[in-house]
Every structure is written in C-alpha cells, then in structure tokens.
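S.K.: What follows is the file final-v3.txt, containing compact mmCIF, C-alpha atoms:
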# COMPACT_ATOMS: atom_id res chain seq x y z
CA MET A 1 0.00 0.00 0.00
CA LEU A 2 2.99 2.31 0.46
CA PRO A 3 3.34 3.05 -3.29
CA ALA A 4 -0.33 4.08 -3.40
CA ILE A 5 0.12 6.40 -0.41
CA LEU A 6 3.20 7.97 -1.97
CA ALA A 7 1.46 8.31 -5.35
CA THR A 8 -1.39 10.15 -3.61
CA ALA A 9 1.04 12.50 -1.88
CA VAL A 10 3.08 13.21 -5.03
CA SER A 11 0.04 13.78 -7.25
CA ALA A 12 -1.53 16.05 -4.61
CA ALA A 13 1.68 18.10 -4.37
CA PHE A 14 1.84 18.23 -8.17
CA ALA A 15 -1.77 19.43 -8.35
CA ILE A 16 -1.13 22.15 -5.76
CA ALA A 17 1.97 23.36 -7.62
CA VAL A 18 0.06 23.66 -10.90
CA TRP A 19 -2.96 25.25 -9.22
CA LEU A 20 -0.76 27.90 -7.61
CA GLN A 21 0.62 28.70 -11.05
CA TYR A 22 -2.92 28.97 -12.37
CA ARG A 23 -3.85 31.37 -9.56
CA ARG A 24 -0.97 33.63 -10.60
CA ARG A 25 -1.19 33.42 -14.40
CA ARG A 26 -4.70 32.19 -15.23
CA GLN A 27 -3.54 30.08 -18.14
CA PRO A 28 -6.16 27.51 -19.29
CA TYR A 29 -3.62 24.69 -19.60
CA GLN A 30 -2.81 25.10 -15.91
CA LEU A 31 -6.49 24.79 -15.00
CA ALA A 32 -6.92 21.62 -17.08
CA TRP A 33 -3.76 20.05 -15.67
CA SER A 34 -4.87 20.94 -12.15
CA ILE A 35 -8.18 19.16 -12.70
CA GLY A 36 -6.45 16.07 -14.07
CA LEU A 37 -3.94 15.91 -11.23
CA VAL A 38 -6.63 16.35 -8.57
CA MET A 39 -8.45 13.43 -10.18
CA PHE A 40 -5.22 11.40 -10.11
CA ALA A 41 -4.84 12.13 -6.39
CA LEU A 42 -8.49 11.27 -5.65
CA ALA A 43 -8.22 7.97 -7.52
CA SER A 44 -5.08 7.04 -5.63
CA ALA A 45 -6.64 8.09 -2.31
CA ALA A 46 -9.68 5.90 -3.05
CA GLY A 47 -7.34 2.96 -3.58
CA VAL A 48 -5.64 3.64 -0.26
CA ALA A 49 -9.01 3.91 1.50
CA ALA A 50 -10.13 0.58 0.06
CA ARG A 51 -7.01 -1.13 1.42
CA SER A 52 -7.20 0.57 4.81
CA GLY A 53 -10.63 -0.73 5.82
CA THR A 54 -13.60 -2.55 4.38
CA PRO A 55 -13.59 -1.78 0.64
CA THR A 56 -16.78 -0.45 -0.90
CA GLU A 57 -18.19 -0.27 -4.39
CA ASP A 58 -18.16 3.53 -4.32
CA GLU A 59 -14.44 3.58 -3.51
CA TYR A 60 -13.84 1.45 -6.57
CA ARG A 61 -16.08 3.69 -8.67
CA VAL A 62 -14.10 6.77 -7.63
CA PHE A 63 -10.85 4.92 -8.31
CA TYR A 64 -12.06 3.83 -11.75
CA LEU A 65 -13.73 7.08 -12.80
CA PHE A 66 -10.87 9.39 -11.91
CA GLY A 67 -7.99 6.95 -12.39
CA ALA A 68 -8.96 4.85 -15.41
CA ILE A 69 -11.20 7.21 -17.38
CA LEU A 70 -10.87 10.93 -16.71
CA ASN A 71 -7.52 12.03 -15.32
CA VAL A 72 -5.47 11.43 -18.47
CA ALA A 73 -8.21 13.01 -20.59
CA TRP A 74 -8.02 16.25 -18.59
CA LEU A 75 -4.22 16.27 -18.67
CA ALA A 76 -4.53 15.91 -22.46
CA VAL A 77 -6.77 19.00 -22.60
CA GLY A 78 -3.99 20.96 -20.91
CA THR A 79 -1.56 19.73 -23.54
CA LEU A 80 -3.93 20.89 -26.31
CA TYR A 81 -3.80 24.43 -24.93
CA VAL A 82 -0.01 24.58 -25.40
CA THR A 83 0.21 22.75 -28.73
CA VAL A 84 -2.77 23.72 -30.94
CA ARG A 85 -4.89 26.75 -31.76
CA ARG A 86 -7.09 28.09 -28.95
CA PRO A 87 -10.47 27.29 -30.62
CA VAL A 88 -9.42 23.65 -31.05
CA ALA A 89 -8.31 23.45 -27.42
CA ASP A 90 -11.56 25.09 -26.27
CA ALA A 91 -13.51 22.49 -28.24
CA GLY A 92 -11.44 19.77 -26.58
CA PHE A 93 -12.28 21.25 -23.17
CA VAL A 94 -16.01 21.14 -23.91
CA LEU A 95 -15.82 17.58 -25.27
CA VAL A 96 -13.93 16.31 -22.23
CA TYR A 97 -16.36 18.09 -19.92
CA LEU A 98 -19.29 16.33 -21.61
CA PHE A 99 -17.33 13.08 -21.63
CA SER A 100 -16.84 13.50 -17.86
CA VAL A 101 -20.59 13.88 -17.31
CA VAL A 102 -21.38 10.77 -19.36
CA SER A 103 -18.62 8.78 -17.67
CA THR A 104 -19.78 9.74 -14.18
CA ILE A 105 -23.33 8.62 -14.95
CA ALA A 106 -22.10 5.34 -16.43
CA VAL A 107 -19.68 4.48 -13.63
CA PHE A 108 -22.29 5.10 -10.92
CA SER A 109 -25.04 3.30 -12.84
CA TYR A 110 -23.40 -0.05 -13.55
CA PRO A 111 -22.91 -2.71 -10.84
CA VAL A 112 -19.43 -3.43 -9.53
CA ASP A 113 -18.02 -6.92 -9.08
CA LEU A 114 -16.19 -6.09 -5.87
CA ALA A 115 -14.46 -9.45 -5.62
CA ALA A 116 -13.01 -9.05 -9.12
CA ALA A 117 -12.09 -5.45 -8.34
CA LEU A 118 -10.05 -6.51 -5.31
CA ASP A 119 -8.48 -9.46 -7.10
CA SER A 120 -7.45 -7.91 -10.41
CA GLY A 121 -8.82 -4.36 -10.54
CA ARG A 122 -11.41 -5.39 -13.12
CA GLY A 123 -14.59 -4.60 -11.22
CA PHE A 124 -16.47 -3.71 -14.41
CA GLN A 125 -15.58 -6.90 -16.26
CA ASP A 126 -19.28 -7.59 -16.88
CA ALA A 127 -20.08 -3.95 -17.71
CA PRO A 128 -18.73 -2.99 -21.15
CA VAL A 129 -19.64 0.71 -21.14
CA PRO A 130 -17.26 1.84 -18.34
CA ARG A 131 -14.47 -0.22 -19.91
CA ILE A 132 -15.09 1.35 -23.32
CA LEU A 133 -15.05 4.81 -21.76
CA ALA A 134 -11.76 3.98 -20.03
CA GLY A 135 -10.28 2.94 -23.36
CA ILE A 136 -11.40 6.21 -24.94
CA GLY A 137 -10.30 8.50 -22.10
CA SER A 138 -6.98 6.88 -21.31
CA GLY A 139 -6.15 5.77 -24.85
CA ILE A 140 -6.82 8.99 -26.73
CA GLY A 141 -5.59 11.06 -23.78
CA THR A 142 -2.26 9.25 -23.72
CA ILE A 143 -1.79 9.75 -27.46
CA VAL A 144 -2.49 13.49 -27.12
CA LEU A 145 -0.21 13.85 -24.10
CA PHE A 146 2.67 11.94 -25.62
CA GLY A 147 2.25 13.48 -29.07
CA GLY A 148 2.04 16.97 -27.58
CA ALA A 149 5.18 16.44 -25.53
CA LEU A 150 7.12 15.19 -28.55
CA ARG A 151 5.83 18.08 -30.68
CA SER A 152 7.04 20.54 -28.05
CA VAL A 153 10.47 18.89 -28.07
CA TRP A 154 10.64 19.15 -31.86
CA VAL A 155 9.53 22.81 -31.90
CA PHE A 156 11.99 23.94 -29.25
CA LEU A 157 14.89 21.96 -30.68
CA ARG A 158 14.17 23.34 -34.16
CA ARG A 159 14.40 26.86 -32.80
CA GLY A 160 17.79 26.04 -31.36
CA ASP A 161 17.00 27.42 -27.92
CA ASN A 162 15.42 26.48 -24.60
CA GLY A 163 16.97 23.05 -24.36
CA ARG A 164 15.81 22.82 -20.76
CA ARG A 165 12.17 22.96 -21.83
CA ALA A 166 12.79 20.35 -24.52
CA LEU A 167 14.32 18.05 -21.89
CA ALA A 168 11.38 18.73 -19.56
CA ASN A 169 8.90 17.66 -22.22
CA LEU A 170 10.83 14.48 -22.89
CA VAL A 171 10.72 13.67 -19.17
CA ILE A 172 6.98 14.37 -19.03
CA ALA A 173 6.42 12.11 -22.07
CA ALA A 174 8.33 9.33 -20.33
CA GLY A 175 6.13 9.71 -17.25
CA VAL A 176 2.99 9.49 -19.39
CA LEU A 177 4.19 6.23 -20.94
CA ILE A 178 4.93 4.74 -17.51
CA VAL A 179 1.43 5.54 -16.23
CA ALA A 180 -0.13 4.23 -19.44
CA ALA A 181 1.86 0.99 -19.19
CA GLY A 182 0.49 0.39 -15.69
CA GLY A 183 -3.07 0.99 -16.85
CA THR A 184 -2.62 -1.39 -19.78
CA ALA A 185 -1.28 -4.08 -17.46
CA THR A 186 -4.33 -3.71 -15.23
CA PHE A 187 -6.74 -4.04 -18.17
CA THR A 188 -5.07 -7.31 -19.17
CA GLY A 189 -5.63 -8.71 -15.69
CA ALA A 190 -2.20 -8.13 -14.16
CA SER A 191 -2.36 -7.02 -10.54
CA GLY A 192 0.03 -5.27 -8.19
CA LEU A 193 1.56 -3.04 -10.87
CA VAL A 194 -0.67 -0.01 -11.12
CA ASP A 195 0.32 1.53 -7.76
CA VAL A 196 4.02 1.31 -8.58
CA THR A 197 3.66 2.60 -12.15
CA ASN A 198 1.40 5.43 -10.96
CA LEU A 199 3.96 6.48 -8.35
CA VAL A 200 6.90 6.31 -10.75
CA GLY A 201 4.98 7.89 -13.62
CA VAL A 202 3.56 10.86 -11.71
CA SER A 203 6.93 11.44 -10.03
CA VAL A 204 8.65 11.54 -13.42
CA MET A 205 6.01 13.93 -14.78
CA PHE A 206 6.36 16.15 -11.72
CA ALA A 207 10.13 16.22 -12.22
CA GLY A 208 9.61 17.25 -15.85
CA PHE A 209 7.19 19.98 -14.80
CA LEU A 210 9.71 21.36 -12.30
CA LEU A 211 12.31 21.57 -15.07
CA ILE A 212 10.18 24.00 -17.09
CA PRO A 213 11.24 27.62 -16.53
CA ALA A 214 8.22 29.67 -15.40
CA SER A 215 8.75 32.31 -18.08
CA SER A 216 9.04 29.65 -20.76
CA ALA A 217 5.76 28.02 -19.79
CA ALA A 218 3.93 31.31 -20.03
CA SER A 219 5.41 32.20 -23.40
CA ALA A 220 4.64 28.75 -24.80
CA SER A 221 0.97 29.16 -23.93
CA ALA A 222 0.91 32.58 -25.55
CA LYS A 223 2.41 31.23 -28.78
CA ALA A 224 0.30 28.08 -29.02
CA PRO A 225 -2.69 29.60 -30.90
CA SER A 226 -0.49 30.56 -33.84
CA GLY A 227 0.13 26.91 -34.69
CA HIS A 228 3.77 27.59 -35.61
As structure tokens, please, write out the structure in this file.
M.R.:
Amino acid sequence: MLPAILATAVSAAFAIAVWLQYRRRRQPYQLAWSIGLVMFALASAAGVAARSGTPTEDEYRVFYLFGAILNVAWLAVGTLYVTVRRPVADAGFVLVYLFSVVSTIAVFSYPVDLAAALDSGRGFQDAPVPRILAGIGSGIGTIVLFGGALRSVWVFLRRGDNGRRALANLVIAAGVLIVAAGGTATFTGASGLVDVTNLVGVSVMFAGFLLIPASSAASASAKAPSGH
C-alpha cells in the first residue's frame, strides 16, 4: 500500500503546484492540468481507503472514474492548450467536460463486481460501457499527451534554444508512458503493478514539470494559438 500512499502525496503536491501557477497566471492549460492531477490524487486516495478498511463499491467507482477514465483526458486538454490553436483546445475542453458527465453517470449506474475489483482491478468486467469509456479517455488522452510532448520537443529543438524545456517535455512524455503501461497491465488482468507505475509515472512527470522555466511556460501558452 505504500506506493499508493506515496502516489497520492506526489500527485496532490503536483496538483497544488500547478494550481498555484494557475492562480498567478490564469492560463487555461494550468487549470486543465490541475483538474487532471486532482483526479489522479483522488483515484489514488480511493485505492488507499479501500485497502485501509472494508472496501466499498463507491471507492472502486471513484478509483475507476478518476484513475482509469478521466484524469489522463483532462491532462490531455492541458496539452492541447499549449500545442494547438485556442479554438481547437476550447472544443477539446467542452468535449472532455461532456465526456466526464457521461462517464460519471455510467460508472455510478453499472454494478461493480467487488471481488473481481479486489483481485485484479477489473470490477467492471461484466459492464462494457465503463471499460469502453476507459479505453477512450486513457487511450486517446495518452496519445495526445505523448504526441504533444514530442511536438514541443521538436519545436523547441528546431528553434535552437530552450533546451531545458525540450528536456522537460521528454521527461513528461516518459512519465505518461509509464502511467499508461500500468493501466494497460491492469486491463489485461495483471495485478500489483498499477500503484508502482502510478507512483513512478507521476513522479517523473512532476520532475519534468519542475524543469520547465516559469517564463518559458507562459510564453509557450501565448504562442500556441499561432500553430507555428
């Protein structure tokens, strides 16, 4: 359970750091990332709560909704705001908001197989809709996150400056892949991996975020709508 506790602490600290930036600069990517990281922390906390006492179906629902479906999708919205034109990113924000509403209704409507949830993390194995939503949210979200990070690396390296930001985006991309690998392992029935991969992945992403110079992050957001 220690990896889950540490993952909760790291993701909460990460969320606070991004939220404080948002309070100062009011950049939409910071808001979206804050939402995603709060969801990451809530999902991890639900997992800790389930292990600390008598697990409940609602704890699993929170874990699944925020951890398997929505958190990566919201992080991907933040990436859109620093990689594509503002109207496209705004459309992504609206779509993910609506997707969040639909996912919340679905997750709290379908029954949970609590025994399967505790054994392998597959509490919705007899409910296809939540699993499909998880594939959409995590799958497309991971592609956007990883693609956006690599695009940022290419842009900044092409300009021949800001190598620190390019390195930061590479580190963030690596963290995304680690988290995604843990989620994939869980979907295939492997157990005991997701807590460790979540801890390592979010720690790597946090390290990448801390590498980004504050002035660089602000200027990147300002330049994103141009598409260049």
S.K.: Of the candidates A:Ala7, A:Val200, A:Val101, A:Leu170, which one gets nearest to Val48 (chain A) if we count only C-alpha atoms?
M.R.: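 Closest residue, counting only C-alpha atoms: A:Ala7.
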S.K.: Given the choices A:Leu6, A:Gly139, A:Met39, A:Tyr110, which gets closest to Gln125 (chain A) if the distance is worked out from all atoms listed in the file?
M.R.: A:Tyr110
S.K.: Taking 3 positions as the minimum chain separation for residues in the same chain, which residues sit within 9 Å of Ala68 (chain A) when counting all atoms listed in the file? Answer as an mmCIF file with C-alpha atoms, keeping the file's coordinate frame.
M.R.:
data_model
loop_
_atom_site.group_PDB
_atom_site.id
_atom_site.type_symbol
_atom_site.label_atom_id
_atom_site.label_comp_id
_atom_site.auth_asym_id
_atom_site.auth_seq_id
_atom_site.Cartn_x
_atom_site.Cartn_y
_atom_site.Cartn_z
ATOM 1 C CA ALA A 43 -8.220 7.970 -7.520
ATOM 2 C CA PHE A 63 -10.850 4.920 -8.310
ATOM 3 C CA TYR A 64 -12.060 3.830 -11.750
ATOM 4 C CA LEU A 65 -13.730 7.080 -12.800
ATOM 5 C CA ASN A 71 -7.520 12.030 -15.320
ATOM 6 C CA VAL A 72 -5.470 11.430 -18.470
ATOM 7 C CA ARG A 131 -14.470 -0.220 -19.910
ATOM 8 C CA LEU A 133 -15.050 4.810 -21.760
ATOM 9 C CA ALA A 134 -11.760 3.980 -20.030
ATOM 10 C CA GLY A 135 -10.280 2.940 -23.360
ATOM 11 C CA GLY A 137 -10.300 8.500 -22.100
ATOM 12 C CA SER A 138 -6.980 6.880 -21.310
ATOM 13 C CA GLY A 183 -3.070 0.990 -16.850
#
S.K.: Leaving out Gln30 (chain A) and any residue of its chain fewer than 6 positions from it, which residues lie within 7 Å of it when counting all atoms listed in the file, given as JSON, numbers by chain?
M.R.: {"A": [18, 19, 21, 22, 78]}
S.K.: What is the CA of Val102 (chain A) to CA of Leu31 (chain A) distance in Å?
M.R.: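 Atom-to-atom, CA of Val102 (chain A) and CA of Leu31 (chain A) are spaced 20.9 Å apart.
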S.K.: Rank A:Met205, A:Val96, A:Leu157, A:Val10 by their smallest atom-to-atom distance to Ala73 (chain A), using only C-alpha atoms, and report the top residue only.
M.R.: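 For Ala73 (chain A), the nearest of the given residues is A:Val96.
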S.K.: State, in Å with one decimal place, the distance from CA of Asp126 (chain A) to CA of Ile69 (chain A).
M.R.: 16.9 Å
S.K.: Counting all atoms listed in the file, which of A:Ile136, A:Ala15, A:Gly123, A:Arg25 gets nearest to Leu70 (chain A)?
M.R.: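 Closest candidate: A:Ile136.
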S.K.: Just give me the gap between CA of Trp33 (chain A) and CA of Thr56 (chain A) in Å, one decimal is fine.
M.R.: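 Calculated distance between CA of Trp33 (chain A) and CA of Thr56 (chain A) is 28.4 Å.
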S.K.: For Ala46 (chain A), work out the shell of residues within 12 Å, counting all atoms listed in the file and skipping chain neighbours fewer than 6 positions away, then give it as a list in words.
M.R.: Met1, Ala4, Ile5, Ala7, Thr8, Met39, Phe40, Ser52, Gly53, Thr54, Pro55, Thr56, Glu57, Asp58, Glu59, Tyr60, Arg61, Val62, Phe63, Tyr64, Leu65, Phe66, Gly67 and Asp195 of chain A
S.K.: Take the residues just selected and output them with C-alpha atoms as a short mmCIF file (atom, residue, chain, number, x, y, z; two decimals), in the frame of the given file.
M.R.:
data_model
loop_
_atom_site.label_atom_id
_atom_site.label_comp_id
_atom_site.auth_asym_id
_atom_site.auth_seq_id
_atom_site.Cartn_x
_atom_site.Cartn_y
_atom_site.Cartn_z
CA MET A 1 0.00 0.00 0.00
CA ALA A 4 -0.33 4.08 -3.40
CA ILE A 5 0.12 6.40 -0.41
CA ALA A 7 1.46 8.31 -5.35
CA THR A 8 -1.39 10.15 -3.61
CA MET A 39 -8.45 13.43 -10.18
CA PHE A 40 -5.22 11.40 -10.11
CA SER A 52 -7.20 0.57 4.81
CA GLY A 53 -10.63 -0.73 5.82
CA THR A 54 -13.60 -2.55 4.38
CA PRO A 55 -13.59 -1.78 0.64
CA THR A 56 -16.78 -0.45 -0.90
CA GLU A 57 -18.19 -0.27 -4.39
CA ASP A 58 -18.16 3.53 -4.32
CA GLU A 59 -14.44 3.58 -3.51
CA TYR A 60 -13.84 1.45 -6.57
CA ARG A 61 -16.08 3.69 -8.67
CA VAL A 62 -14.10 6.77 -7.63
CA PHE A 63 -10.85 4.92 -8.31
CA TYR A 64 -12.06 3.83 -11.75
CA LEU A 65 -13.73 7.08 -12.80
CA PHE A 66 -10.87 9.39 -11.91
CA GLY A 67 -7.99 6.95 -12.39
CA ASP A 195 0.32 1.53 -7.76
#
S.K.: Given only C-alpha atoms as the basis, pick out the residue of A:Val155, A:Leu114, A:Ala180, A:Leu37 nearest to Val82 (chain A).
M.R.: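 That would be A:Val155, the residue with the smallest distance to Val82 (chain A).
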S.K.: Go through A:Val129, A:Leu167, A:Ala32, A:Ala41 one by one, measure the shortest atom-to-atom distance of each to Asn198 (chain A) using all atoms listed in the file, and give the residue with the smallest value.
M.R.: A:Ala41
S.K.: Find the residues near Gly148 (chain A): any atom within 12 Å, counting all atoms listed in the file, skip ones fewer than 2 places away on the same chain, and give them as an mmCIF file with C-alpha atoms, in the coordinates of the input.
M.R.:
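In the end it all went to around_4.cif:
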data_model
loop_
_atom_site.group_PDB
_atom_site.id
_atom_site.type_symbol
_atom_site.label_atom_id
_atom_site.label_comp_id
_atom_site.auth_asym_id
_atom_site.auth_seq_id
_atom_site.Cartn_x
_atom_site.Cartn_y
_atom_site.Cartn_z
ATOM 1 C CA LEU A 75 -4.220 16.270 -18.670
ATOM 2 C CA ALA A 76 -4.530 15.910 -22.460
ATOM 3 C CA VAL A 77 -6.770 19.000 -22.600
ATOM 4 C CA GLY A 78 -3.990 20.960 -20.910
ATOM 5 C CA THR A 79 -1.560 19.730 -23.540
ATOM 6 C CA LEU A 80 -3.930 20.890 -26.310
ATOM 7 C CA TYR A 81 -3.800 24.430 -24.930
ATOM 8 C CA VAL A 82 -0.010 24.580 -25.400
ATOM 9 C CA THR A 83 0.210 22.750 -28.730
ATOM 10 C CA VAL A 84 -2.770 23.720 -30.940
ATOM 11 C CA ILE A 140 -6.820 8.990 -26.730
ATOM 12 C CA GLY A 141 -5.590 11.060 -23.780
ATOM 13 C CA THR A 142 -2.260 9.250 -23.720
ATOM 14 C CA ILE A 143 -1.790 9.750 -27.460
ATOM 15 C CA VAL A 144 -2.490 13.490 -27.120
ATOM 16 C CA LEU A 145 -0.210 13.850 -24.100
ATOM 17 C CA PHE A 146 2.670 11.940 -25.620
ATOM 18 C CA LEU A 150 7.120 15.190 -28.550
ATOM 19 C CA ARG A 151 5.830 18.080 -30.680
ATOM 20 C CA SER A 152 7.040 20.540 -28.050
ATOM 21 C CA VAL A 153 10.470 18.890 -28.070
ATOM 22 C CA TRP A 154 10.640 19.150 -31.860
ATOM 23 C CA VAL A 155 9.530 22.810 -31.900
ATOM 24 C CA ALA A 166 12.790 20.350 -24.520
ATOM 25 C CA ASN A 169 8.900 17.660 -22.220
ATOM 26 C CA LEU A 170 10.830 14.480 -22.890
ATOM 27 C CA ILE A 172 6.980 14.370 -19.030
ATOM 28 C CA ALA A 173 6.420 12.110 -22.070
ATOM 29 C CA VAL A 176 2.990 9.490 -19.390
ATOM 30 C CA ALA A 224 0.300 28.080 -29.020
#
